[in-house]
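Novice: Pasting in a structure now, in structure tokens, and then I'll have a few things to ask.
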Amino acid sequence: MKKLLPMLALCILWNALSTRAADIIYTKSGERLEAKVHIVGINWINYEQDGEVLHIRKEKVAMIFSENGDYYVFEHSLRDGFLRASFDNDYYHKLIDKDGNMIPLKTCMVYRDRVQYSHLLEDKEQQSIPIEKVSMILYRDKSHQFFGSSSEVAKNLLQYHKQNGGELVASNEHQRVKASESEGKPASAPAISFEKKNNTLPIDEAEFKRKATLRTEELTNYIRLISDKSTPALEANKAIDQAVQLFVGEESVVEVSSVNRVETQRYQIRNYLQHLKLLKYDKVEITWAEVNYVGDIRKGTDGNYYGYVSFVQVFRGFKDGEVLYEDMTEKRVEVMFKGYSKFEKGQKADHWDVLLSNIKVEQTI
Amino acid sequence: MVNLLKIFSSIALFTYLSFSSSTVRGQISFGQSQNFAFQVKQVDEFIERFNGQKNTVLLEYMRTYYPEDKMERYELLTTLFNHQDSTWDLNLVKAFLRDVNNPEQPTYLDYYDQDWYAQLDCEVIYRGQNQPMSLFLAIESSPDLASEWVIKGVKADFLCLPELENSKNMLNPVSHATDFMNLHKLFEQPEFARGYMHKNFQGNLLTLFYHELSEDRLKLKEIRKISYHFLQIRNWIFTVSQFRRPGRNSGWLIDSLSPMTEAEKSRYRLQELFLD
């Protein structure tokens with residue numbers, strides 16, 4: 001019974017792994033996607049899942065195992081190229097260890113702590129190898145099993161093929177992945193949708209975008225307050241201080257340009273707000289277009305995360321009930337993710353927030 | 001012009017939108033909001049539309065206001081051209097659209113692609129004089145997709161080496177006999193350094209730019225214009241510029257398109273983008 005339980009667990013796992021109704025894409029982040037792969041392109045891999053054609057960037061993929069027996073290994077050392085190889089026999093299993101060596105196996109049994117096997121060429125009846133030394137097994141029925149992360153397995157598989165053949169494909173070649181005999185051609189005119197990029201983000205992207213939009217709205221509210229004559233000077237100054245707090249620092253810049261003017265004007269954020277304080281109106285209206293554009297978050301080489309929001313606003317300044325000044329501006333606001341820790345009930349807790357950075361204001365009317 | 005409209009107004013939607021009402025919502029009219037939805041507001045949005053991404057702002061807008069009008073990738077691609085240019089070779093445009101939208105081998109753009117460049121036409125002050133200068137930037141990214149824009153090329157006619165003149169400032173043919181003792185002259189009179197270099201020496205503009213920048217002799221006055229060169233699509237090259245104008249066909253749009261072989265692209269990188 002002791003032995004039966006791990007074997008039962010293994011069988012369940014094995015059934016899951018050895019399902020070959022489709023090609024299998026392993027991403028470097030550890031995802032396993034069952035799909036029909038159509039094209040390994042220069043930058044993208046094009047695949048079909050549930051009738052929808054999707055794409056994933058090549059550098060995010062560790063390996064593809066095609067149901068026709070070919071497999072593709074994408075590894076950093078190959079730059080944009082990749083290795084293409086095939087299950088080339090149906091009479092022995094291949095165990096690849098973590099040094100990239102291959103052991104040909106007549107039989108094998110996977111236990112929790114070891115793989116027990118009989119070597120194809122050696123006379124010894126049974127041998128075993130500790131499980132932590134095993135990278136993967138390619139079974140003779142063209143199924144496979146991993147014993148490490150997809151990136152590690154890809155590295156070991158590549159090490160093996162560098163010594164023992166396999167086709168290295170240059171980066172500028174498209175590869176159409178062969179459909180199996182039973183499969184038809186890929187569906188034409190597919191619906192297009194995209195994978196979620198930057199899946200290594202340490203934060204929730206939707207929340208980042210929500211906070212970015214919220215910060216720009218907060219800034220607009222401060223601007224409305226600062227430009228309004230009915231706001232007492234002390235409160236306006238306080239509003240300026242609070243508005244500056246929304247930014248990464250005093251060095252943030254607002255650049256103002258106009259379609260009718262070549263030169264741009266640049267202000268540090270506090271100066272810009274002080275400038276607005278001088279434009280006194282009885283009443284200020286700032287309205288937004290319903291549509292805005294929030295760019296994807298991107299990691300900078302400095303380790304920070306950046307994003308931006310683009311939107312259109314109309315500013316109207318009233319005096320004695322009349323519109324004294326009106327403009328329509330397109331604003332593009334850079335935002336930055338900032339992580340911080342604080343103690344709550346004696347415990348250190350990690351938090352993050354979005355701060356505004358530089359702003360480009362373009363007057364369109 | 002009629003043909004142009006046929007391609008670019010390939011769906012009734014565009015005609016319909018041209019005459020749509022301008023219901024005022026708050027202070028921003030419906031028409032103005034709609035223009036902003038159609039405008040290609042950012043280069044990122046250009047890439048999203050080029051790829052036919054479902055979550056791009058325009059498609060979300062269409063789903064909200066015109067759920068019965070379906071826009072596929074082909075139609076999205078047509079919104080990326082500058083419609084006000086009447087000189088488009090329509091056969092060329094069609095061939096490009098067919099090529100990138102080939103259902104069996106579609107082509108996509110990605111921010112992390114290696115072969116696209118931003119051209120920044122600037123005005124700088126160099127030694128007290130206003131001078132035009134162009135910088136060519138590209139995305140540099142690491143395997144974990146951390147990225148930054150980096151300067152890869154410079155066009156600056158005012159940054160050049162002195163002409164090679166017949167000069168006494170050189171290392172004579174028997175310098176070896178005196179253990180190249182004349183080399184001291186080069187360092188004492190660096191203004192004549194050109195005479196000591198080989199005759200084909202042209203220097204590297206990026207290095208010169210870097211040097212002048214670090215010597216604090218260059219000041220940025222304005223970035224006058226930004227355009228983008230996309231070279232990553234096999235056999236094609238196109239440029240994108242910003243069209244600041246009212247209306248739906250505005251923002252970052254394709255303003256030139258050419259078929260181009262890989263060899264021609266190599267020349268283009270060298271001669272037009274001043275890349276090393």
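Naming works like this for the structure tokens: A, B, ... for the chains as they're shown, residue 1 at the start of each chain, ligands 1 onward in shown order.
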Pick out each residue of segment 4-244 of chain B that DSSP on the backbone tags as strand (DSSP E or B); I need them as number ranges by chain.

Specialist: B: 24-25, 28-29, 40, 81, 116-126, 129-141, 147-155, 218-230, 236-243

Novice: Please determine, counting only C-alpha atoms, which residue among A:Gly307, A:Glu326, A:Tyr47, A:Leu355 has the shortest atom-to-atom distance to Asp44 of chain B.

Specialist: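 Among the listed residues, the smallest separation from Asp44 of chain B belongs to A:Gly307.
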
Novice: Which of segment 79-249 of chain B counts as helix (DSSP H, G or I) under DSSP, as a VMD selection string please?

Specialist: chain B and resid 90 to 100 175 to 178 183 to 188 190 to 196 205 to 214

Novice: May I ask you to extract the residues of chain B within 8 Å of chain A, using only C-alpha atoms, and to give them as a ChimeraX atom specification?

Specialist: /B:26-28,32-33,36-37,41,44,52-54,57,61,73,103-105,108,113,141-143,145-148,222,224,244

Novice: How far is it from atom CA of Ser250 of chain B to atom CA of Gln39 of chain B, in Å with one decimal?

Specialist: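 One can read the atom CA of Ser250 of chain B to atom CA of Gln39 of chain B distance as 5.0 Å.
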
Novice: Please identify all polymer residues within 7 Å of segment 157-170 of chain B, counting only C-alpha atoms, omitting same-chain residues fewer than 4 positions from it, and present them as JSON, numbers by chain.

Specialist: {"B": [192, 194, 195, 196, 202, 208]}

Novice: So how many Å separate atom CA of Glu207 of chain A and atom CA of Val354 of chain A, to one decimal?

Specialist: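 The value is 9.7 Å.
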
Novice: Which one is closest to Ile47 of chain B: B:Asp179, B:Glu72, B:Asp89, B:Asp110? Count only C-alpha atoms.

Specialist: B:Asp110

Novice: Suppose you want the space between atom CA of Val124 of chain B and atom CA of Glu140 of chain B; what is it in Å?

Specialist: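 Computing the Euclidean distance for atom CA of Val124 of chain B and atom CA of Glu140 of chain B yields 25.0 Å.
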
Novice: Quick one: of A:Phe343, A:Tyr111, A:Tyr92, A:Tyr160, who's nearest to Tyr139 of chain A, counting only C-alpha atoms?

Specialist: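 Selected residue with least distance to Tyr139 of chain A: A:Tyr92.
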
Novice: Excluding Asp282 of chain A and any residue of its chain fewer than 3 positions from it, enumerate the residues within 9 Å of it, using only C-alpha atoms, and give them as a ChimeraX atom specification.

Specialist: /A:227-230,317-321

Novice: Print the selection's residues with N, CA and C atoms to a file, as a PDB file, in the first residue's frame.

Specialist:
```pdb
ATOM      1  N   SER A 227      -7.022  77.271  -9.374  1.00  0.00           N
ATOM      2  CA  SER A 227      -7.304  78.345 -10.339  1.00  0.00           C
ATOM      3  C   SER A 227      -8.547  79.159  -9.991  1.00  0.00           C
ATOM      4  N   ASP A 228      -9.244  78.748  -8.965  1.00  0.00           N
ATOM      5  CA  ASP A 228     -10.517  79.387  -8.632  1.00  0.00           C
ATOM      6  C   ASP A 228     -10.302  80.551  -7.660  1.00  0.00           C
ATOM      7  N   LYS A 229     -10.852  81.736  -8.036  1.00  0.00           N
ATOM      8  CA  LYS A 229     -10.639  82.947  -7.237  1.00  0.00           C
ATOM      9  C   LYS A 229     -11.230  82.831  -5.831  1.00  0.00           C
ATOM     10  N   SER A 230     -12.281  82.046  -5.716  1.00  0.00           N
ATOM     11  CA  SER A 230     -12.943  81.940  -4.409  1.00  0.00           C
ATOM     12  C   SER A 230     -12.131  81.095  -3.417  1.00  0.00           C
ATOM     13  N   GLY A 317     -12.572  79.003 -17.893  1.00  0.00           N
ATOM     14  CA  GLY A 317     -12.492  79.942 -16.781  1.00  0.00           C
ATOM     15  C   GLY A 317     -13.568  81.010 -16.941  1.00  0.00           C
ATOM     16  N   PHE A 318     -14.386  81.190 -15.915  1.00  0.00           N
ATOM     17  CA  PHE A 318     -15.498  82.153 -15.989  1.00  0.00           C
ATOM     18  C   PHE A 318     -15.190  83.394 -15.164  1.00  0.00           C
ATOM     19  N   LYS A 319     -15.622  84.547 -15.652  1.00  0.00           N
ATOM     20  CA  LYS A 319     -15.581  85.779 -14.875  1.00  0.00           C
ATOM     21  C   LYS A 319     -16.889  86.513 -15.123  1.00  0.00           C
ATOM     22  N   ASP A 320     -17.535  86.911 -14.048  1.00  0.00           N
ATOM     23  CA  ASP A 320     -18.838  87.576 -14.132  1.00  0.00           C
ATOM     24  C   ASP A 320     -19.814  86.764 -14.985  1.00  0.00           C
ATOM     25  N   GLY A 321     -19.773  85.489 -14.824  1.00  0.00           N
ATOM     26  CA  GLY A 321     -20.722  84.614 -15.513  1.00  0.00           C
ATOM     27  C   GLY A 321     -20.394  84.340 -16.969  1.00  0.00           C
TER      28      GLY A 321
END
```

Novice: Might you pull out every residue within 12 Å of segment 123-125 of chain A, with only C-alpha atoms counted and same-chain residues fewer than 3 positions away left off, and present them as a ChimeraX atom specification?

Specialist: /A:105-108,116-120,128

Novice: So which one's closest to Glu217 of chain A, A:Gln347, A:Val323, A:Asn237, A:Lys331? Using only C-alpha atoms, please.

Specialist: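 So, comparing all the options, the nearest one is A:Lys331.
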